[in-house]
Amino acid sequence: MIIGSHVNYGKEGLLGCVKQAISYNANTFMFYTGAPQNSIRKAIDMQDVAKAHNLLKENNINIDTIICHAPYIINLANKAKPEAWQFSVNFLKEELKRCELLGVSYIVLHPGSCVNETRENALQNICGGLNEVIDSETKVMILLETMAGKGTEYGINTNEIKQILNNIIYKNKIGVCLDTCHLNDSGVDMSNFDIYLDEFAKEIGLDKVKCLHLNDSLNPMGSHKDRHANIGYGTIGFDTLINIAYNPRIKDVPKILETPYIEDHAPYYYEIKAILEKKFNDHLKEDVLK
Ligand code: FE
Ligand code: FE
Ligand code: ZN
């Protein structure tokens, strides 16, 4: 299984990310190139990138499984303020360039929030923005994340994701990231994941799934909340999440944990262990804090 978690880019950039992933016994990871809620980004130190790549090789981590996540401040769906929308487009372009410098092939993107626009207009705004960002030279694939339906989010069902994909000019440069918490909160029965995959396969195609965010949810199916829980500590539950993680139809898709920290400590070493051993950890907090 290709499994890892969100890691912090921090002072050491990609090199620090690799070190954290190794400490969690992960064989992949996901990172933001800076704080997810702002646009302050420091220049990439190519010497550190070379060191990071060496460390990846030494630990048999395939760089093609590593995922970047675009910051939340990017919103392509709303164009009420054209300059704010253009800022999102430009910032996403820069993020793709940063990924290219880092040697990372995938970046997850939230399709955006409609705010005061109709869903039809939001769709046009998203596709217009993506078609401005993606051209024939683009080397990094954008992965649209399935959203919970909190507020006015777009991309909250298979049809909305399909609508975006259908309107992208360079279709081989866009894919999908499934998030188990978001799917649950959007109304998908995760205990029947194969039924969801059947629908996805029919409407979009499973070859488009390039990443899976493996999270439990604090809220019931269809709640439209988007609050992540630790593995086995939410409404989806351990057995269902294990079934999803080991589903043969998404075997080669990287699984990324975005579960909450416990009192400022990352739980990922223990959560990855529980998933690899298929054994629920009922004393996760004690383990993490010890
Ligand atoms: Fe996300
Ligand atoms: Fe996610
Ligand atoms: Zn989420």
# chains A, B, ... in the order shown; residues from 1 in each chain; ligands from 1
$ residues_around --residues "stretch 148-162 of chain A" --least-positions-apart "2" --cutoff "6 Å" --atoms "only C-alpha atoms" --output "NGL selection string"
:A and (111-115 or 146 or 164-165 or 182 or 185-186 or 224-226)
$ select_by_dssp --residues "stretch 83-288 of chain A" --states "alpha helix (DSSP H)" --output "PyMOL selection string"
chain A and resi 83-102+119-133+158-166+180-186+193-203+238-245+268-277+284-288
$ write_last_selection --atoms "C-alpha atoms" --output "CSV table (one decimal), in the first residue's frame"
chain,number,residue,atom,x,y,z
A,83,GLU,CA,-9.1,40.8,-9.6
A,84,ALA,CA,-9.5,38.3,-6.8
A,85,TRP,CA,-10.3,35.5,-9.3
A,86,GLN,CA,-7.3,36.5,-11.4
A,87,PHE,CA,-5.2,36.4,-8.3
A,88,SER,CA,-6.3,32.8,-7.7
A,89,VAL,CA,-5.5,31.9,-11.3
A,90,ASN,CA,-2.1,33.4,-11.1
A,91,PHE,CA,-1.3,31.9,-7.7
A,92,LEU,CA,-2.3,28.4,-9.0
A,93,LYS,CA,0.0,28.9,-12.0
A,94,GLU,CA,2.9,29.7,-9.5
A,95,GLU,CA,2.1,26.7,-7.4
A,96,LEU,CA,2.3,24.5,-10.5
A,97,LYS,CA,5.8,26.0,-11.2
A,98,ARG,CA,6.9,25.3,-7.6
A,99,CYS,CA,5.7,21.7,-7.9
A,100,GLU,CA,7.7,21.4,-11.1
A,101,LEU,CA,10.8,22.7,-9.4
A,102,LEU,CA,10.3,20.3,-6.5
A,119,ARG,CA,-23.7,26.8,-9.7
A,120,GLU,CA,-23.8,27.1,-13.5
A,121,ASN,CA,-21.7,30.3,-13.4
A,122,ALA,CA,-19.4,28.8,-10.8
A,123,LEU,CA,-18.7,25.9,-13.2
A,124,GLN,CA,-17.9,28.3,-16.0
A,125,ASN,CA,-15.5,30.3,-13.7
A,126,ILE,CA,-13.7,27.1,-12.5
A,127,CYS,CA,-13.3,25.8,-16.0
A,128,GLY,CA,-12.2,29.2,-17.4
A,129,GLY,CA,-9.6,29.5,-14.7
A,130,LEU,CA,-8.3,26.0,-15.1
A,131,ASN,CA,-8.1,26.4,-18.9
A,132,GLU,CA,-6.0,29.5,-18.2
A,133,VAL,CA,-3.7,27.6,-15.9
A,158,THR,CA,-19.9,12.9,-9.2
A,159,ASN,CA,-21.8,15.0,-11.7
A,160,GLU,CA,-20.2,18.3,-10.6
A,161,ILE,CA,-16.8,16.8,-10.9
A,162,LYS,CA,-17.6,15.4,-14.3
A,163,GLN,CA,-18.9,18.8,-15.5
A,164,ILE,CA,-15.6,20.3,-14.7
A,165,LEU,CA,-13.5,17.5,-16.3
A,166,ASN,CA,-15.7,17.7,-19.5
A,180,THR,CA,-13.5,9.8,2.4
A,181,CYS,CA,-14.6,12.4,5.0
A,182,HIS,CA,-15.9,14.7,2.3
A,183,LEU,CA,-17.7,11.9,0.5
A,184,ASN,CA,-19.4,10.8,3.7
A,185,ASP,CA,-20.4,14.3,4.6
A,186,SER,CA,-21.7,14.9,1.0
A,193,PHE,CA,-17.8,2.1,-1.4
A,194,ASP,CA,-17.9,-0.2,-4.4
A,195,ILE,CA,-21.3,1.2,-5.3
A,196,TYR,CA,-19.7,4.7,-5.3
A,197,LEU,CA,-16.8,3.4,-7.4
A,198,ASP,CA,-19.2,1.8,-9.8
A,199,GLU,CA,-20.9,5.1,-10.3
A,200,PHE,CA,-17.6,6.9,-10.6
A,201,ALA,CA,-16.3,4.4,-13.1
A,202,LYS,CA,-19.4,4.7,-15.2
A,203,GLU,CA,-19.5,8.6,-15.2
A,238,PHE,CA,-12.3,1.6,11.3
A,239,ASP,CA,-13.6,-1.5,9.3
A,240,THR,CA,-15.1,0.6,6.5
A,241,LEU,CA,-11.9,2.7,6.2
A,242,ILE,CA,-9.8,-0.5,6.1
A,243,ASN,CA,-12.1,-1.8,3.3
A,244,ILE,CA,-11.6,1.4,1.4
A,245,ALA,CA,-7.8,1.5,1.9
A,268,TYR,CA,0.3,9.5,11.8
A,269,TYR,CA,2.9,6.9,12.9
A,270,TYR,CA,0.2,5.1,15.0
A,271,GLU,CA,-2.6,5.5,12.4
A,272,ILE,CA,-0.4,4.1,9.6
A,273,LYS,CA,0.6,1.2,11.8
A,274,ALA,CA,-3.1,0.5,12.6
A,275,ILE,CA,-4.0,0.5,8.9
A,276,LEU,CA,-1.0,-1.7,7.9
A,277,GLU,CA,-1.8,-4.2,10.7
A,284,LEU,CA,-4.4,6.2,20.1
A,285,LYS,CA,-4.2,9.2,22.3
A,286,GLU,CA,-2.1,7.5,24.9
A,287,ASP,CA,0.3,6.3,22.2
A,288,VAL,CA,0.6,9.7,20.6
$ closest_residue --among "A:Gly187, A:Pro36, A:Gly103, A:Gly4" --to "ligand 1" --atoms "only C-alpha atoms and all ligand atoms"
A:Pro36
$ atom_distance --atom1 "atom CA of A:Asp252" --atom2 "atom CA of A:Asn8"
24.1 Å
$ residues_near_ligand --ligand "ligand 2" --cutoff "7 Å" --atoms "only C-alpha atoms and all ligand atoms" --output "PDB file with C-alpha atoms, in the first residue's frame"
ATOM      1  CA  GLU A 145     -10.953  17.127  -4.645  1.00  0.00           C
ATOM      2  CA  ASP A 179     -11.686  12.367   0.263  1.00  0.00           C
ATOM      3  CA  HIS A 213      -7.624  11.269   1.353  1.00  0.00           C
ATOM      4  CA  GLU A 258      -5.456  14.306   6.975  1.00  0.00           C
TER       5      GLU A 258
END
$ residues_near_ligand --ligand "ligand 1" --cutoff "7 Å" --atoms "only C-alpha atoms and all ligand atoms" --output "list in words"
His69, Val108, Leu109, His110 and Glu145 of chain A
$ write_last_selection --atoms "N, CA and C atoms" --output "compact mmCIF listing (two decimals), in the first residue's frame"
# COMPACT_ATOMS: atom_id res chain seq x y z
N HIS A 69 -0.73 20.11 -2.09
CA HIS A 69 -2.11 20.60 -1.95
C HIS A 69 -2.09 22.12 -2.12
N VAL A 108 -3.39 18.80 -5.48
CA VAL A 108 -4.82 18.71 -5.17
C VAL A 108 -5.39 20.12 -5.07
N LEU A 109 -6.56 20.31 -5.65
CA LEU A 109 -7.22 21.61 -5.64
C LEU A 109 -8.68 21.47 -5.24
N HIS A 110 -9.14 22.34 -4.33
CA HIS A 110 -10.58 22.43 -4.06
C HIS A 110 -11.21 23.21 -5.21
N GLU A 145 -10.54 17.88 -5.83
CA GLU A 145 -10.95 17.13 -4.65
C GLU A 145 -12.48 17.09 -4.54
$ select_by_dssp --residues "stretch 48-112 of chain A" --states "strand (DSSP E or B)" --output "count of residues only"
7
$ closest_residue --among "A:Leu214, A:Leu15, A:Leu289, A:Ala52" --to "ligand 3" --atoms "only C-alpha atoms and all ligand atoms"
A:Leu214
$ closest_residue --among "A:Ser191, A:Ser5, A:Asn27, A:Asn172" --to "A:Met141" --atoms "only C-alpha atoms"
A:Asn172
$ closest_residue --among "A:Val140, A:Ile61, A:Leu257, A:Met30" --to "ligand 3" --atoms "only C-alpha atoms and all ligand atoms"
A:Leu257
$ atom_distance --atom1 "atom CA of A:Asn38" --atom2 "atom CA of A:Ala70"
10.7 Å
$ atom_distance --atom1 "atom CA of A:Phe280" --atom2 "atom CA of A:Tyr24"
17.0 Å
$ residues_around --residues "A:Leu143" --least-positions-apart "2" --cutoff "6 Å" --atoms "only C-alpha atoms" --output "PDB file with N, CA and C atoms, in the first residue's frame"
ATOM      1  N   ILE A 107      -0.987  18.039  -7.853  1.00  0.00           N
ATOM      2  CA  ILE A 107      -1.431  19.053  -6.881  1.00  0.00           C
ATOM      3  C   ILE A 107      -2.950  18.956  -6.725  1.00  0.00           C
ATOM      4  N   VAL A 108      -3.390  18.796  -5.478  1.00  0.00           N
ATOM      5  CA  VAL A 108      -4.823  18.711  -5.171  1.00  0.00           C
ATOM      6  C   VAL A 108      -5.393  20.121  -5.075  1.00  0.00           C
ATOM      7  N   LEU A 109      -6.561  20.306  -5.649  1.00  0.00           N
ATOM      8  CA  LEU A 109      -7.222  21.615  -5.639  1.00  0.00           C
ATOM      9  C   LEU A 109      -8.682  21.473  -5.238  1.00  0.00           C
ATOM     10  N   ILE A 174      -5.619  16.628 -15.938  1.00  0.00           N
ATOM     11  CA  ILE A 174      -6.504  16.831 -14.790  1.00  0.00           C
ATOM     12  C   ILE A 174      -7.043  15.485 -14.304  1.00  0.00           C
ATOM     13  N   GLY A 175      -7.084  15.345 -12.972  1.00  0.00           N
ATOM     14  CA  GLY A 175      -7.569  14.108 -12.362  1.00  0.00           C
ATOM     15  C   GLY A 175      -8.417  14.430 -11.148  1.00  0.00           C
ATOM     16  N   VAL A 176      -8.605  13.432 -10.284  1.00  0.00           N
ATOM     17  CA  VAL A 176      -9.503  13.580  -9.132  1.00  0.00           C
ATOM     18  C   VAL A 176      -8.832  13.031  -7.872  1.00  0.00           C
ATOM     19  N   CYS A 177      -9.114  13.683  -6.745  1.00  0.00           N
ATOM     20  CA  CYS A 177      -8.703  13.194  -5.429  1.00  0.00           C
ATOM     21  C   CYS A 177      -9.976  12.924  -4.629  1.00  0.00           C
TER      22      CYS A 177
END
